[in-house]
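Chemist: Provided herewith is a single structure, encoded as structure tokens, for subsequent inquiry.
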Amino acid sequence: MNRVRNFKLILWMILGLGAAVATARFMFGLGVTTNLSDRTPWGLWIGFDVMSGVALAAGGFVLTATVYIFKLDKFHSIVRPAVLTAFLGYAAVAVGLLFDLGLPWNIWHMIIFWNPHSALFEVGWCVMLYLTVLLLEFFPVPAEEFGFLSKIRNFLIRLRLPLVIAGIALSTLHQSSLGSLFLIMPYNLHPLWYSPILPVVFFISAIGLGLMMVTFESLFTAWLYRRKPEMELLERLGAAARWVFLLYLAVRLGDLAVRGQLVHLGGGEWQVGMFWVELAIAVVIPTVLLFIRAVRRSPAGLMTVAITSVTGIVLNRINVGGLVHINRGDTLYLPAWTEIAITSAVIAGAAVVFLFMVEKFNVWERRPADPDAEPTRKPKFHPVDGSWLGEPGIAARTKYSLGFIIAAAIGFALLSGGPVESRGVDPTPARMARGGDTLWIDGNLDGYGTSFPHLEHIRRNGGGRSCVKCHHMNLPHDRNSACYQCHSDMYLRTDAFRHDRHSSPTGANLACTECHVKGQVRNVESAKRCDECHNDLVPPGSSIKVKQYRAVSYTEAMHRTCIGCHTIVATSKDKPDLSRCTTCHKGQRNVTDATVLASQKRRLIGKRMVLPPIYRK
Amino acid sequence: MDAWIEFGRGPLFRLCFTLMVLGLARIAVLTVIGMVEALKKNEDKIVPWRELFNKTFTWLVPVTVLFRTRPVYSLVSFLFHIGLIITPLFFTAHVLLWKRSVGFGWFTLPQSLADYLTLTVIVGGLLLFLMRVLYGPARAISRKQDYVWPLLLVIPFLTGYLCVNGSISAATYRWMMLMHVLTGNLIMVMIPFTKIAHCILIPFSQLVTGIGWKFPRGAGDLVIETLGYKDRPTWVEKPRLGCESMDRVEREADDK
């Protein structure tokens with residue numbers, strides 16, 4: 001039993017270290033506790049905690065399917081630990097995600113604000129639903145101990161088959177949709193890993209990994225509690241796993257061959273080596289070993305196979321999750337020790353809960369007995385000072401908590417005590433503009449865009465030095481302001497100024513009279529000029545001379561770029577309807593009033609509409 | 001030297017401070033768990049809450065209890081504790097250090113008041129040490145750490161006072177500051193593991209006794225039986241056998 005206690009002591013110390021780092025992460029943010037940046041936003045926490053955590057939990061759905069759907073009842077004795085592992089794995093994913101999210105308190109947003117085009121949306125919903133299903137699947141086990149829960153327990157047991165089916169469906173969706181996440185980046189992921197059937201590849205490897213994870217967990221806890229491992233069952237799992245691995249190997253190589261990507265294997269990049277290493281330890285070596293009967297029958301052999309393949313498939317997830325992405329820039333991302341501490345703490349937390357469940361409830365057919373806790377056993381005193389920490393349970397509590405606080409204190413001591421700052425945005429070198437006079441802007445790539453008079457904007461905003469007005473240095477990757485940020489209101493002629501942002505408590509939180517003169521009507525005239533407060537808005541010596549802080553509304557700006565041109569073409573091509581509203585707004589016939597059109601036309605001509613050169617022929 | 005001072009109030013401080021805070025929280029939690037378990041195991045579940053509560057509050061200001069028997073000791077001890085707790089927490093320079101490190105601070109003491117409190121602690125600590133050494137009954141129940149603690153607690157106050165007010169050379173200042181920082185850290189790290197843990201255990205000290213110190217059910221009857229007083233009533237109003245009722249039994253037996 002001492003093995004268990006020592007193991008738990010280590011787990012509690014890891015938890016202590018993690019608690020210290022977690023405090024720093026939530027107090028001071030990601031910049032202080034991680035090596036992540038805008039170029040490498042996904043690191044160890046996504047690659048390992050989320051991508052691999054989900055895959056490691058695959059044993060749950062594989063075994064529930066085996067036992068409850070295919071009715072292979074002999075595996076019944078390892079279903080419960082497998083479901084528990086899956087539940088804890090998913091809970092660990094959820095907890096790990098909270099650390100990685102910049103605004104973790106917004107995690108509920110996906111429940112209300114749906115974005116059905118997003119693969120992450122599906123991932124999020126699957127995690128949420130499958131976590132619930134796993135909880136309901138596992139709940140009957142602890143409920144055995146509490147009489148007052150018997151009704152709920154009976155109800156859940158009757159509901160088991162639908163739950164199992166839902167679990168399998170959700171897992172299938174979810175394991176594969178983690179692969180779908182990367183379908184969006186064909187030019188980022190190395191071609192040896194990118195594939196249109198990435199979801200299928202993920203799903204097959206998850207099944208293999210699930211089997212291996214159940215094997216590993218079973219053998220490890222058997223060693224820990226000095227139990228006899230269920231070798232007969234594990235041997236069968238291993239026998240099944242080899243065929244899954246063979247299928248995986250065939251799909252993976254076949255996919256590369258079909259898509260003509262095998263040529264990459266001849267290249268000298270480090271990714272090729274990585275590909276072979278990954279494939280060897282994930283699949284090839286385990287499969288070869290599993291075909292040897294002696295290996296399948298010995299605990300040590302099976303353990304070797306399990307560890308090898310689990311490492312290999314986790315490596316696969318880490319590779320796809322970020323390691324083999326190309327065009328990542330020159331900076332090499334290596335996880336900070338704090339990131340590793342959090343990851344280890346999340347795993348240690350799951351392990352502590354697992355051991356607790358195993359000891360307190362009937363997760364296994366027989367609960368592990370604690371030889372130290374026998375009532376007839378004599379107390380063991382400390383050989384040197386003769387002290388006694390109490391009964392084994394109490395002594396363990398004393399030791400674990402001491403280990404926890406010492407590790408936490410060391411964690412706090414190791415954290416950087418310097419001024420709190422993040423690494424921030426990677427500097428982007430300035431380069432000359434591509435120099436288009438007119439740009440075609442079609443942000444959502446739906447084919448409906450607008451021609452943006454870039455040259456005209458430069459002219460209107462103050463010439464060559466006016467770039468910084470829209471191309472902010474403070475946005476990542478030199479991104480420019482969106483149109484609506486100046487052309488802010490839909491219909492009114494507007495200020496290039498966000499009034500609500502200035503007045504709201506979450507923004508600048510200014511009182512009215514801090515900008516408007518007291519006693520006068522509060523409008524543009526009675527307000528301060530922008531540069532009275534933002535005195536660094538225009539740097540000294542700049543050639544920009546700001547005349548007005550107003551812009552036309554978004555709708556107005558859009559209309560001008562279209563209608564002006566349409567009007568000209570309408571006359572030149574003799575198509576009088578071309579500039580009418582219904583030509584573009586097909587569903588809205590009520591705006592085709594002749595007088596409205598006439599006034600609009602007059603106004604546009606009066607404004608000296610600047611037309612993009614492509615239409616000027 | 002400066003590097004050592006920086007180390008003392010950087011990583012070493014974080015280590016010791018965390019150990020102190022978490023260590024105190026740990027023993028508080030362990031004590032509460034222990035009490036709950038004791039209460040569960042105990043057959044006699046009556047806890048005189050009000051009595052224990054009153055006792056705890058009375059002893060929070062020991063002057064009220066001890067003034068008649070040991071007036072000087074009770075006063076010195078009380079003032080010593082006030083200075084000991086308030087000065088380090090609300091000293092301006094300490095709060096500024098906090099602000100520099102975590103970004104928030106709190107209100108501070110005026111320098112003159114801080115000086116007076118510091119002097120109180122220094123004088124009080126020395127007096128407490130002398131009283132322990134010179135007073136026979138105190139000496140009889142003292143352990144080694146009881147002699148060390150008052151002196152150890154005085155050191156950071158003395159060095160801190162000299163650093164702020166003394167006209168000392170820069171080299172001496174550094175030595176003093178290093179001593180100040182190191183002894184401060186040493187005290188913090190030792191608090192949860194020595195008798196100074198009473199700073200968090202005060203609310204539980206009476207409670208633990210009240211919950212845990214019970215006779216087994218029926219023990220009184222057996223004792224009475226053994227003593228041969230079986231035919232006499234041992235208690236009437238409360239089904240518990242405390243010292244008072246035992247005295248009464250004895251007295252009644254003597255009367256007869």
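Residue numbering restarts at 1 for every chain of the structure tokens, chains are lettered A, B, ... in their displayed order, and ligands are numbered from 1 as they appear.
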Write down, as a list in words, each residue of chain B that has any atom within 8 Å of an atom of chain A, counting only C-alpha atoms.
Modeler: Gly10, Pro11, Leu12, Phe13, Arg14, Leu15, Cys16, Phe17, Thr18, Leu19, Leu22, Gly23, Arg26, Leu30, Arg100 and Ser101 of chain B
Chemist: Quick check for you: according to DSSP on this backbone, which residues of segment 22-231 of chain A are classed as helix (DSSP H, G or I)? Reply as JSON, numbers by chain.
Modeler: {"A": [22, 23, 24, 25, 26, 27, 28, 30, 31, 32, 33, 44, 45, 46, 47, 48, 49, 50, 51, 52, 53, 54, 55, 56, 59, 60, 61, 62, 63, 64, 65, 66, 67, 68, 69, 73, 74, 75, 76, 77, 78, 79, 80, 81, 82, 83, 84, 85, 86, 87, 88, 89, 90, 91, 92, 93, 94, 95, 96, 97, 98, 99, 100, 104, 105, 106, 109, 110, 111, 112, 119, 120, 121, 122, 123, 124, 125, 126, 127, 128, 129, 130, 131, 132, 133, 134, 135, 136, 137, 138, 140, 141, 142, 143, 147, 148, 149, 150, 151, 152, 153, 154, 155, 156, 157, 158, 160, 161, 162, 163, 164, 165, 166, 167, 168, 169, 170, 171, 172, 173, 174, 175, 176, 177, 178, 179, 180, 181, 182, 183, 184, 198, 199, 200, 201, 202, 203, 204, 205, 206, 207, 208, 209, 210, 211, 212, 213, 214, 215, 216, 217, 218, 219, 220, 221, 222, 223, 224, 231]}
Chemist: Next, the residues of the selection above should be written as a short mmCIF file (atom, residue, chain, number, x, y, z; two decimals), in the first residue's frame with C-alpha atoms.
Modeler:
```cif
data_model
loop_
_atom_site.label_atom_id
_atom_site.label_comp_id
_atom_site.auth_asym_id
_atom_site.auth_seq_id
_atom_site.Cartn_x
_atom_site.Cartn_y
_atom_site.Cartn_z
CA ALA A 22 -2.47 28.71 -11.71
CA THR A 23 -2.74 31.59 -9.26
CA ALA A 24 -0.15 33.52 -11.24
CA ARG A 25 -1.86 32.67 -14.52
CA PHE A 26 -5.24 33.95 -13.41
CA MET A 27 -3.83 36.99 -11.63
CA PHE A 28 -1.32 38.15 -14.21
CA LEU A 30 -0.90 34.25 -20.11
CA GLY A 31 2.03 36.49 -20.96
CA VAL A 32 3.79 35.87 -17.65
CA THR A 33 3.09 32.15 -17.44
CA LEU A 44 1.34 22.61 -25.10
CA TRP A 45 -2.03 23.16 -23.44
CA ILE A 46 -3.95 22.69 -26.68
CA GLY A 47 -1.64 20.07 -28.19
CA PHE A 48 -1.45 17.92 -25.07
CA ASP A 49 -4.26 18.80 -22.66
CA VAL A 50 -7.05 19.15 -25.19
CA MET A 51 -6.08 17.22 -28.32
CA SER A 52 -4.45 14.33 -26.50
CA GLY A 53 -6.74 14.45 -23.48
CA VAL A 54 -9.74 13.81 -25.67
CA ALA A 55 -7.98 11.03 -27.52
CA LEU A 56 -6.84 9.38 -24.29
CA GLY A 59 -11.40 4.05 -24.12
CA GLY A 60 -14.76 4.97 -22.66
CA PHE A 61 -16.77 4.82 -25.83
CA VAL A 62 -14.82 1.90 -27.26
CA LEU A 63 -15.53 -0.29 -24.23
CA THR A 64 -19.14 0.78 -23.69
CA ALA A 65 -19.75 -0.07 -27.34
CA THR A 66 -18.04 -3.44 -26.87
CA VAL A 67 -20.04 -4.38 -23.81
CA TYR A 68 -23.45 -2.77 -24.22
CA ILE A 69 -23.84 -2.74 -28.01
CA ASP A 73 -20.07 -9.32 -21.56
CA LYS A 74 -16.70 -10.69 -20.53
CA PHE A 75 -15.27 -7.18 -20.78
CA HIS A 76 -17.79 -5.98 -18.23
CA SER A 77 -15.29 -5.84 -15.40
CA ILE A 78 -13.20 -3.15 -17.11
CA VAL A 79 -16.06 -0.98 -18.34
CA ARG A 80 -16.39 1.01 -15.15
CA PRO A 81 -12.75 2.08 -14.86
CA ALA A 82 -12.77 2.88 -18.59
CA VAL A 83 -15.83 5.12 -18.25
CA LEU A 84 -14.30 6.77 -15.20
CA THR A 85 -11.05 7.38 -17.10
CA ALA A 86 -13.00 8.88 -19.97
CA PHE A 87 -15.00 11.12 -17.67
CA LEU A 88 -11.89 12.35 -15.87
CA GLY A 89 -10.07 12.77 -19.19
CA TYR A 90 -12.85 15.02 -20.49
CA ALA A 91 -13.06 16.92 -17.22
CA ALA A 92 -9.30 17.46 -17.49
CA VAL A 93 -9.79 18.76 -21.03
CA ALA A 94 -12.38 21.25 -19.81
CA VAL A 95 -10.19 22.39 -16.91
CA GLY A 96 -7.10 22.58 -19.13
CA LEU A 97 -9.02 24.68 -21.61
CA LEU A 98 -9.89 27.21 -18.91
CA PHE A 99 -6.20 27.90 -18.48
CA ASP A 100 -5.63 28.36 -22.19
CA PRO A 104 -12.17 31.82 -19.60
CA TRP A 105 -15.26 33.31 -18.00
CA ASN A 106 -16.77 33.61 -21.49
CA HIS A 109 -20.81 31.87 -24.89
CA MET A 110 -21.00 28.96 -27.30
CA ILE A 111 -24.19 27.82 -25.59
CA ILE A 112 -25.99 31.04 -26.49
CA ALA A 119 -15.40 23.43 -36.20
CA LEU A 120 -14.50 24.66 -32.74
CA PHE A 121 -18.19 25.22 -32.09
CA GLU A 122 -18.81 21.56 -32.74
CA VAL A 123 -15.86 20.57 -30.60
CA GLY A 124 -17.13 22.71 -27.75
CA TRP A 125 -20.64 21.31 -27.90
CA CYS A 126 -19.38 17.75 -28.13
CA VAL A 127 -17.15 18.20 -25.08
CA MET A 128 -20.06 19.64 -23.15
CA LEU A 129 -22.59 17.00 -24.15
CA TYR A 130 -20.25 14.04 -23.91
CA LEU A 131 -19.07 15.18 -20.49
CA THR A 132 -22.71 15.16 -19.39
CA VAL A 133 -23.30 11.74 -20.91
CA LEU A 134 -20.20 10.34 -19.21
CA LEU A 135 -21.31 11.80 -15.91
CA LEU A 136 -24.71 10.13 -16.26
CA GLU A 137 -23.06 6.86 -17.32
CA PHE A 138 -20.75 6.84 -14.35
CA PRO A 140 -24.73 4.92 -10.82
CA VAL A 141 -21.39 3.71 -9.44
CA PRO A 142 -20.99 6.25 -6.60
CA ALA A 143 -24.77 6.29 -6.20
CA GLY A 147 -29.50 4.89 -0.40
CA PHE A 148 -31.40 8.08 -1.09
CA LEU A 149 -30.03 8.16 -4.65
CA SER A 150 -31.39 4.72 -5.51
CA LYS A 151 -34.30 6.07 -7.57
CA ILE A 152 -32.07 8.22 -9.73
CA ARG A 153 -29.68 5.31 -10.02
CA ASN A 154 -32.35 2.91 -11.22
CA PHE A 155 -33.61 5.47 -13.71
CA LEU A 156 -30.09 6.01 -15.10
CA ILE A 157 -29.50 2.28 -15.38
CA ARG A 158 -32.69 1.91 -17.39
CA ARG A 160 -28.13 3.16 -20.09
CA LEU A 161 -28.55 2.01 -23.66
CA PRO A 162 -29.62 5.42 -25.03
CA LEU A 163 -26.81 7.00 -23.06
CA VAL A 164 -24.28 4.58 -24.48
CA ILE A 165 -25.54 5.25 -28.01
CA ALA A 166 -25.42 9.00 -27.44
CA GLY A 167 -21.92 8.64 -26.04
CA ILE A 168 -20.70 6.72 -29.07
CA ALA A 169 -22.31 9.18 -31.47
CA LEU A 170 -20.86 12.18 -29.68
CA SER A 171 -17.42 10.61 -29.43
CA THR A 172 -17.39 9.77 -33.11
CA LEU A 173 -18.32 13.34 -33.95
CA HIS A 174 -15.91 14.79 -31.51
CA GLN A 175 -12.80 12.69 -32.07
CA SER A 176 -13.09 13.37 -35.76
CA SER A 177 -13.98 17.05 -35.43
CA LEU A 178 -10.70 17.64 -33.64
CA GLY A 179 -9.21 16.61 -36.97
CA SER A 180 -11.67 18.85 -38.82
CA LEU A 181 -10.23 21.81 -36.90
CA PHE A 182 -7.14 21.55 -39.07
CA LEU A 183 -8.89 21.17 -42.40
CA ILE A 184 -8.96 24.94 -42.57
CA LEU A 198 -7.96 14.02 -41.28
CA PRO A 199 -11.19 13.48 -39.28
CA VAL A 200 -11.23 9.81 -40.25
CA VAL A 201 -7.55 9.41 -39.40
CA PHE A 202 -8.16 10.98 -36.00
CA PHE A 203 -11.12 8.73 -35.34
CA ILE A 204 -9.30 5.48 -36.16
CA SER A 205 -6.26 6.41 -34.12
CA ALA A 206 -8.54 7.37 -31.23
CA ILE A 207 -10.00 3.85 -31.16
CA GLY A 208 -6.53 2.30 -31.05
CA LEU A 209 -5.42 4.78 -28.43
CA GLY A 210 -8.53 4.12 -26.35
CA LEU A 211 -7.75 0.38 -26.24
CA MET A 212 -4.12 1.03 -25.35
CA MET A 213 -5.07 3.56 -22.68
CA VAL A 214 -7.42 1.09 -20.99
CA THR A 215 -4.60 -1.45 -21.05
CA PHE A 216 -2.11 1.01 -19.60
CA GLU A 217 -4.44 2.21 -16.87
CA SER A 218 -5.40 -1.31 -15.91
CA LEU A 219 -1.81 -2.55 -15.73
CA PHE A 220 -0.56 0.54 -13.92
CA THR A 221 -3.21 0.44 -11.22
CA ALA A 222 -2.62 -3.30 -10.87
CA TRP A 223 1.02 -2.56 -10.17
CA LEU A 224 0.10 0.30 -7.86
CA MET A 231 -4.58 -10.40 -18.31
#
```
Chemist: By how many Å are atom CA of Glu525 of chain A and atom CA of Ala551 of chain A apart?
Modeler: 15.8 Å
Chemist: Do you have the atom CA of Thr120 of chain B-atom CA of Pro88 of chain B distance handy?
Modeler: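 Atom-to-atom, atom CA of Thr120 of chain B to atom CA of Pro88 of chain B, that is 13.2 Å.
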Chemist: Do you have the atom CA of Ala527 of chain A-atom CA of Tyr484 of chain A distance handy?
Modeler: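 So the answer is 22.4 Å.
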Chemist: Skip segment 277-287 of chain A itself and residues of its chain fewer than 5 positions away, then list as an MDAnalysis selection string all residues within 12 Å of it, counting only C-alpha atoms.
Modeler: chainID A and resid 192:193 204:206 208:209 212 238:250 252:253 270:272 292:293 295:296 301:320 324
Chemist: If you keep C-alpha atoms, can you produce a file of those selected residues as a short mmCIF file (atom, residue, chain, number, x, y, z; two decimals), in the first residue's frame?
Modeler:
```
data_model
loop_
_atom_site.label_atom_id
_atom_site.label_comp_id
_atom_site.auth_asym_id
_atom_site.auth_seq_id
_atom_site.Cartn_x
_atom_site.Cartn_y
_atom_site.Cartn_z
CA LEU A 192 2.58 14.58 -44.67
CA TRP A 193 -0.04 15.26 -42.00
CA ILE A 204 -9.30 5.48 -36.16
CA SER A 205 -6.26 6.41 -34.12
CA ALA A 206 -8.54 7.37 -31.23
CA GLY A 208 -6.53 2.30 -31.05
CA LEU A 209 -5.42 4.78 -28.43
CA MET A 212 -4.12 1.03 -25.35
CA GLY A 238 -4.30 -6.08 -27.48
CA ALA A 239 -5.32 -8.57 -30.15
CA ALA A 240 -8.07 -6.22 -31.29
CA ALA A 241 -5.81 -3.18 -31.17
CA ARG A 242 -3.31 -4.66 -33.67
CA TRP A 243 -5.99 -4.76 -36.38
CA VAL A 244 -7.01 -1.19 -35.59
CA PHE A 245 -3.39 -0.15 -35.89
CA LEU A 246 -3.01 -1.98 -39.19
CA LEU A 247 -6.11 -0.22 -40.49
CA TYR A 248 -4.71 3.10 -39.33
CA LEU A 249 -1.40 2.42 -41.05
CA ALA A 250 -3.17 1.46 -44.26
CA ARG A 252 -2.53 6.85 -43.45
CA LEU A 253 -0.15 5.55 -46.12
CA TRP A 270 13.17 17.38 -40.22
CA GLN A 271 9.44 16.81 -40.53
CA VAL A 272 10.10 13.66 -42.58
CA ILE A 292 3.81 -11.97 -30.83
CA ARG A 293 1.71 -14.06 -28.49
CA VAL A 295 4.19 -10.21 -25.60
CA ARG A 296 0.40 -10.15 -25.46
CA GLY A 301 5.17 -6.73 -22.72
CA LEU A 302 1.69 -5.26 -22.88
CA MET A 303 2.80 -2.31 -20.76
CA THR A 304 5.65 -1.63 -23.17
CA VAL A 305 3.29 -1.75 -26.12
CA ALA A 306 0.77 0.50 -24.39
CA ILE A 307 3.34 3.11 -23.38
CA THR A 308 4.92 3.12 -26.84
CA SER A 309 1.72 3.55 -28.77
CA VAL A 310 0.20 6.07 -26.36
CA THR A 311 3.36 8.18 -26.64
CA GLY A 312 3.29 7.86 -30.41
CA ILE A 313 -0.33 8.91 -30.86
CA VAL A 314 0.04 11.76 -28.37
CA LEU A 315 3.02 12.83 -30.45
CA ASN A 316 0.77 12.71 -33.49
CA ARG A 317 -1.73 15.04 -31.83
CA ILE A 318 1.01 17.42 -30.76
CA ASN A 319 2.44 17.38 -34.30
CA VAL A 320 -0.89 18.16 -35.91
CA VAL A 324 4.79 20.52 -37.74
#
```
Chemist: Name the residues in contact with Leu128 of chain B at a cut-off of 9 Å, using only C-alpha atoms, excluding same-chain residues fewer than 3 positions from it; report them as a PDB file with N, CA and C atoms, in the first residue's frame.
Modeler:
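Full text of around.pdb as output:
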```pdb
ATOM      1  N   TYR B  73       2.648  41.399  33.420  1.00  0.00           N
ATOM      2  CA  TYR B  73       2.775  40.405  32.350  1.00  0.00           C
ATOM      3  C   TYR B  73       1.622  40.535  31.358  1.00  0.00           C
ATOM      4  N   VAL B  76       2.008  43.843  29.275  1.00  0.00           N
ATOM      5  CA  VAL B  76       3.148  43.780  28.342  1.00  0.00           C
ATOM      6  C   VAL B  76       2.821  42.838  27.189  1.00  0.00           C
ATOM      7  N   SER B  77       2.275  41.683  27.554  1.00  0.00           N
ATOM      8  CA  SER B  77       1.976  40.688  26.520  1.00  0.00           C
ATOM      9  C   SER B  77       0.962  41.235  25.513  1.00  0.00           C
ATOM     10  N   PHE B  80       2.571  43.945  23.328  1.00  0.00           N
ATOM     11  CA  PHE B  80       3.536  43.264  22.460  1.00  0.00           C
ATOM     12  C   PHE B  80       2.815  42.650  21.249  1.00  0.00           C
ATOM     13  N   VAL B 123      10.831  46.433  23.417  1.00  0.00           N
ATOM     14  CA  VAL B 123      10.867  46.420  24.878  1.00  0.00           C
ATOM     15  C   VAL B 123      10.037  45.255  25.417  1.00  0.00           C
ATOM     16  N   GLY B 124       8.855  45.105  24.849  1.00  0.00           N
ATOM     17  CA  GLY B 124       7.949  44.041  25.304  1.00  0.00           C
ATOM     18  C   GLY B 124       8.571  42.671  25.141  1.00  0.00           C
ATOM     19  N   GLY B 125       9.209  42.436  24.005  1.00  0.00           N
ATOM     20  CA  GLY B 125       9.816  41.130  23.753  1.00  0.00           C
ATOM     21  C   GLY B 125      10.898  40.824  24.778  1.00  0.00           C
ATOM     22  N   MET B 131      10.889  37.882  31.978  1.00  0.00           N
ATOM     23  CA  MET B 131       9.895  37.342  32.898  1.00  0.00           C
ATOM     24  C   MET B 131       9.873  35.825  32.852  1.00  0.00           C
ATOM     25  N   ARG B 132      10.023  35.294  31.648  1.00  0.00           N
ATOM     26  CA  ARG B 132      10.021  33.834  31.528  1.00  0.00           C
ATOM     27  C   ARG B 132      11.216  33.236  32.250  1.00  0.00           C
ATOM     28  N   VAL B 133      12.367  33.938  32.148  1.00  0.00           N
ATOM     29  CA  VAL B 133      13.573  33.408  32.781  1.00  0.00           C
ATOM     30  C   VAL B 133      13.481  33.527  34.309  1.00  0.00           C
ATOM     31  N   PRO B 150      10.708  34.988  21.785  1.00  0.00           N
ATOM     32  CA  PRO B 150      10.653  36.438  22.018  1.00  0.00           C
ATOM     33  C   PRO B 150      11.878  37.155  21.484  1.00  0.00           C
TER      34      PRO B 150
END
```
